[in-house]
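K.L.:
Structure: entry.cif, mmCIF, C-alpha atoms.
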data_upload
#
loop_
_atom_site.label_atom_id
_atom_site.label_comp_id
_atom_site.auth_asym_id
_atom_site.auth_seq_id
_atom_site.Cartn_x
_atom_site.Cartn_y
_atom_site.Cartn_z
CA MET A 215 0.00 0.00 0.00
CA GLU A 216 2.94 2.33 0.64
CA LYS A 217 3.88 2.30 -3.04
CA ILE A 218 0.34 3.25 -4.09
CA ILE A 219 0.21 6.08 -1.56
CA ASP A 220 3.62 7.37 -2.73
CA VAL A 221 2.46 7.32 -6.36
CA SER A 222 -0.82 9.00 -5.42
CA VAL A 223 0.87 11.81 -3.48
CA GLN A 224 3.43 12.39 -6.25
CA TYR A 225 0.68 12.41 -8.88
CA ARG A 226 -1.25 15.10 -6.97
CA GLN A 227 1.91 17.20 -6.55
CA ASP A 228 2.64 16.90 -10.29
CA LEU A 229 -0.95 17.80 -11.14
CA ILE A 230 -0.84 20.96 -9.02
CA ALA A 231 2.63 21.90 -10.31
CA ALA A 232 1.46 21.56 -13.92
CA ARG A 233 -1.49 23.86 -13.28
CA GLU A 234 0.77 26.39 -11.55
CA GLU A 235 3.22 26.29 -14.45
CA ALA A 236 0.38 26.89 -16.89
CA ASN A 237 -0.86 29.79 -14.72
CA GLN A 238 -4.20 28.03 -14.24
CA LYS A 239 -6.33 28.53 -11.18
CA ILE A 240 -5.94 25.69 -8.68
CA GLU A 241 -9.39 24.96 -7.36
CA GLU A 242 -10.05 23.36 -4.00
CA LYS A 243 -10.98 20.05 -5.64
CA PHE A 244 -7.30 19.55 -6.59
CA TYR A 245 -6.39 19.32 -2.90
CA TYR A 246 -7.99 15.90 -2.33
CA ASP A 247 -6.36 13.63 0.26
CA ALA A 248 -3.88 11.72 -1.90
CA SER A 249 -2.88 9.48 1.01
CA ALA A 250 -6.45 8.26 1.63
CA VAL A 251 -5.85 4.93 -0.13
CA THR A 252 -7.50 1.84 1.32
CA TYR A 253 -7.44 -1.85 0.50
CA THR A 254 -10.90 -3.05 -0.52
CA GLY A 255 -10.29 -6.59 0.70
CA LYS A 256 -10.74 -7.83 -2.87
CA LYS A 257 -8.33 -9.59 -5.17
CA LEU A 258 -8.76 -10.01 -8.92
CA GLY A 259 -6.36 -12.67 -10.15
CA ARG A 260 -2.89 -11.29 -9.56
CA PHE A 261 -4.22 -7.83 -8.61
CA TYR A 262 -4.99 -6.48 -5.17
CA VAL A 263 -7.77 -3.90 -5.44
CA TYR A 264 -7.43 -0.52 -3.71
CA GLU A 265 -9.43 2.68 -3.81
CA LEU A 266 -8.77 6.36 -3.26
CA LYS A 267 -11.25 8.37 -1.19
CA GLU A 268 -13.47 10.56 -3.41
CA PHE A 269 -12.57 8.39 -6.43
CA GLU A 270 -14.04 5.07 -5.25
CA ASN A 271 -15.59 4.38 -8.67
CA PHE A 272 -12.08 4.08 -10.15
CA PRO A 273 -10.30 1.12 -8.52
CA ILE A 274 -6.54 0.93 -8.35
CA TYR A 275 -5.06 -2.47 -9.19
CA PHE A 276 -1.71 -3.51 -7.73
CA ASN A 277 0.05 -6.43 -9.44
CA GLU A 278 1.31 -8.62 -6.61
CA TYR A 279 4.12 -10.09 -8.75
CA THR A 280 5.54 -7.04 -10.53
CA GLY A 281 4.47 -4.18 -8.22
CA GLU A 282 2.96 -2.34 -11.19
CA ILE A 283 -0.07 -0.12 -10.72
CA TYR A 284 -3.02 -0.17 -13.10
CA SER A 285 -6.29 1.75 -13.22
CA GLU A 286 -9.23 2.26 -15.51
CA ALA A 287 -8.29 4.15 -18.67
CA VAL A 288 -10.34 7.26 -17.85
CA GLY A 289 -10.82 9.56 -20.82
CA LEU A 290 -10.24 6.91 -23.46
CA PRO A 291 -13.17 5.85 -25.65
CA LEU A 292 -12.75 2.15 -24.85
CA VAL A 293 -12.99 0.68 -21.38
CA GLY A 294 -9.82 -0.99 -20.25
CA LEU A 295 -6.93 -0.83 -17.87
CA ASP A 296 -4.02 1.54 -18.15
CA LYS A 297 -0.59 0.90 -16.61
CA HIS A 298 -0.71 4.11 -14.59
CA PHE A 299 -2.41 5.76 -11.67
CA ILE A 300 -5.98 7.08 -12.05
CA ASN A 301 -6.13 9.98 -14.54
CA ILE A 302 -7.56 12.39 -11.98
CA GLY A 303 -6.35 15.41 -13.93
CA PHE A 304 -8.69 14.48 -16.78
CA MET A 305 -11.63 14.08 -14.42
CA LEU A 306 -11.06 17.35 -12.56
CA SER A 307 -10.42 19.53 -15.61
#
Would you mind giving the structure from this file in structure tokens?
P.N.:
Amino acid sequence: MEKIIDVSVQYRQDLIAAREEANQKIEEKFYYDASAVTYTGKKLGRFYVYELKEFENFPIYFNEYTGEIYSEAVGLPLVGLDKHFINIGFMLS
């Protein structure tokens, strides 16, 4: 879980930094609790399933063998998994 929290916190920092660099207003919604990751108690094959508070509809999948993180490919026309953290920037923009 530590790896997922680290990735989540870094993702939020990068998201805010990108908006600052682009001189865009940083709304309160961008200050979600990036460390509020919990294990759902579910396992899907080789993946442990986690969720981030306020984004529970977008599970985070952690590959128990490789340590890779996957999530739903938000913003893409086809449903599938993407080998990255949740695309929160797309959802909040």
K.L.:
Once the PyMOL selection byres ((chain A and resi 281-284) around 10) has been applied to the shown file, what residues remain in the selection, as a list in words?
P.N.:
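So the PyMOL selection byres ((chain A and resi 281-284) around 10), applied here, picks out Lys217, Ile218, Val221, Phe261, Tyr262, Val263, Pro273, Ile274, Tyr275, Phe276, Asn277, Glu278, Tyr279, Thr280, Ser285, Glu286, Ala287, Gly294, Leu295, Asp296, Lys297, His298, Phe299 and Ile300 of chain A.
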K.L.:
Decode the PyMOL selection byres ((chain A and resi 220) around 12) for the given file into explicit residues and return them as a compact mmCIF listing (two decimals) with C-alpha atoms, keeping the file's coordinate frame.
P.N.:
# COMPACT_ATOMS: atom_id res chain seq x y z
CA MET A 215 0.00 0.00 0.00
CA GLU A 216 2.94 2.33 0.64
CA LYS A 217 3.88 2.30 -3.04
CA ILE A 218 0.34 3.25 -4.09
CA ILE A 219 0.21 6.08 -1.56
CA VAL A 221 2.46 7.32 -6.36
CA SER A 222 -0.82 9.00 -5.42
CA VAL A 223 0.87 11.81 -3.48
CA GLN A 224 3.43 12.39 -6.25
CA TYR A 225 0.68 12.41 -8.88
CA ARG A 226 -1.25 15.10 -6.97
CA GLN A 227 1.91 17.20 -6.55
CA ALA A 248 -3.88 11.72 -1.90
CA SER A 249 -2.88 9.48 1.01
CA ALA A 250 -6.45 8.26 1.63
CA VAL A 251 -5.85 4.93 -0.13
CA ILE A 283 -0.07 -0.12 -10.72
CA PHE A 299 -2.41 5.76 -11.67
K.L.:
Between atom CA of A:Leu266 and atom CA of A:Asn301, what distance in Å does the model show, to one decimal?
P.N.:
12.1 Å
K.L.:
Between atom CA of A:Tyr264 and atom CA of A:Tyr246, what is the distance, to one decimal in Å?
P.N.:
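So the two atoms, atom CA of A:Tyr264 and atom CA of A:Tyr246, lie 16.5 Å apart.
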K.L.:
What is the distance, in Å and to one decimal place, between atom CA of A:Glu268 and atom CA of A:Ile240?
P.N.:
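Atom-to-atom, atom CA of A:Glu268 to atom CA of A:Ile240, that is 17.7 Å.
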K.L.:
Could stretch 222-305 of chain A be written out with C-alpha atoms, as a JSON list (two decimals), in the first residue's frame, please?
P.N.:
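Output file out37.json follows:
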[["chain", "number", "residue", "atom", "x", "y", "z"],
["A", 222, "SER", "CA", -0.82, 9.00, -5.42],
["A", 223, "VAL", "CA", 0.87, 11.81, -3.48],
["A", 224, "GLN", "CA", 3.43, 12.39, -6.25],
["A", 225, "TYR", "CA", 0.68, 12.41, -8.88],
["A", 226, "ARG", "CA", -1.25, 15.10, -6.97],
["A", 227, "GLN", "CA", 1.91, 17.20, -6.55],
["A", 228, "ASP", "CA", 2.64, 16.90, -10.29],
["A", 229, "LEU", "CA", -0.95, 17.80, -11.14],
["A", 230, "ILE", "CA", -0.84, 20.96, -9.02],
["A", 231, "ALA", "CA", 2.63, 21.90, -10.31],
["A", 232, "ALA", "CA", 1.46, 21.56, -13.92],
["A", 233, "ARG", "CA", -1.49, 23.86, -13.28],
["A", 234, "GLU", "CA", 0.77, 26.39, -11.55],
["A", 235, "GLU", "CA", 3.22, 26.29, -14.45],
["A", 236, "ALA", "CA", 0.38, 26.89, -16.89],
["A", 237, "ASN", "CA", -0.86, 29.79, -14.72],
["A", 238, "GLN", "CA", -4.20, 28.03, -14.24],
["A", 239, "LYS", "CA", -6.33, 28.53, -11.18],
["A", 240, "ILE", "CA", -5.94, 25.69, -8.68],
["A", 241, "GLU", "CA", -9.39, 24.96, -7.36],
["A", 242, "GLU", "CA", -10.05, 23.36, -4.00],
["A", 243, "LYS", "CA", -10.98, 20.05, -5.64],
["A", 244, "PHE", "CA", -7.30, 19.55, -6.59],
["A", 245, "TYR", "CA", -6.39, 19.32, -2.90],
["A", 246, "TYR", "CA", -7.99, 15.90, -2.33],
["A", 247, "ASP", "CA", -6.36, 13.63, 0.26],
["A", 248, "ALA", "CA", -3.88, 11.72, -1.90],
["A", 249, "SER", "CA", -2.88, 9.48, 1.01],
["A", 250, "ALA", "CA", -6.45, 8.26, 1.63],
["A", 251, "VAL", "CA", -5.85, 4.93, -0.13],
["A", 252, "THR", "CA", -7.50, 1.84, 1.32],
["A", 253, "TYR", "CA", -7.44, -1.85, 0.50],
["A", 254, "THR", "CA", -10.90, -3.05, -0.52],
["A", 255, "GLY", "CA", -10.29, -6.59, 0.70],
["A", 256, "LYS", "CA", -10.74, -7.83, -2.87],
["A", 257, "LYS", "CA", -8.33, -9.59, -5.17],
["A", 258, "LEU", "CA", -8.76, -10.01, -8.92],
["A", 259, "GLY", "CA", -6.36, -12.67, -10.15],
["A", 260, "ARG", "CA", -2.89, -11.29, -9.56],
["A", 261, "PHE", "CA", -4.22, -7.83, -8.61],
["A", 262, "TYR", "CA", -4.99, -6.48, -5.17],
["A", 263, "VAL", "CA", -7.77, -3.90, -5.44],
["A", 264, "TYR", "CA", -7.43, -0.52, -3.71],
["A", 265, "GLU", "CA", -9.43, 2.68, -3.81],
["A", 266, "LEU", "CA", -8.77, 6.36, -3.26],
["A", 267, "LYS", "CA", -11.25, 8.37, -1.19],
["A", 268, "GLU", "CA", -13.47, 10.56, -3.41],
["A", 269, "PHE", "CA", -12.57, 8.39, -6.43],
["A", 270, "GLU", "CA", -14.04, 5.07, -5.25],
["A", 271, "ASN", "CA", -15.59, 4.38, -8.67],
["A", 272, "PHE", "CA", -12.08, 4.08, -10.15],
["A", 273, "PRO", "CA", -10.30, 1.12, -8.52],
["A", 274, "ILE", "CA", -6.54, 0.93, -8.35],
["A", 275, "TYR", "CA", -5.06, -2.47, -9.19],
["A", 276, "PHE", "CA", -1.71, -3.51, -7.73],
["A", 277, "ASN", "CA", 0.05, -6.43, -9.44],
["A", 278, "GLU", "CA", 1.31, -8.62, -6.61],
["A", 279, "TYR", "CA", 4.12, -10.09, -8.75],
["A", 280, "THR", "CA", 5.54, -7.04, -10.53],
["A", 281, "GLY", "CA", 4.47, -4.18, -8.22],
["A", 282, "GLU", "CA", 2.96, -2.34, -11.19],
["A", 283, "ILE", "CA", -0.07, -0.12, -10.72],
["A", 284, "TYR", "CA", -3.02, -0.17, -13.10],
["A", 285, "SER", "CA", -6.29, 1.75, -13.22],
["A", 286, "GLU", "CA", -9.23, 2.26, -15.51],
["A", 287, "ALA", "CA", -8.29, 4.15, -18.67],
["A", 288, "VAL", "CA", -10.34, 7.26, -17.85],
["A", 289, "GLY", "CA", -10.82, 9.56, -20.82],
["A", 290, "LEU", "CA", -10.24, 6.91, -23.46],
["A", 291, "PRO", "CA", -13.17, 5.85, -25.65],
["A", 292, "LEU", "CA", -12.75, 2.15, -24.85],
["A", 293, "VAL", "CA", -12.99, 0.68, -21.38],
["A", 294, "GLY", "CA", -9.82, -0.99, -20.25],
["A", 295, "LEU", "CA", -6.93, -0.83, -17.87],
["A", 296, "ASP", "CA", -4.02, 1.54, -18.15],
["A", 297, "LYS", "CA", -0.59, 0.90, -16.61],
["A", 298, "HIS", "CA", -0.71, 4.11, -14.59],
["A", 299, "PHE", "CA", -2.41, 5.76, -11.67],
["A", 300, "ILE", "CA", -5.98, 7.08, -12.05],
["A", 301, "ASN", "CA", -6.13, 9.98, -14.54],
["A", 302, "ILE", "CA", -7.56, 12.39, -11.98],
["A", 303, "GLY", "CA", -6.35, 15.41, -13.93],
["A", 304, "PHE", "CA", -8.69, 14.48, -16.78],
["A", 305, "MET", "CA", -11.63, 14.08, -14.42]]
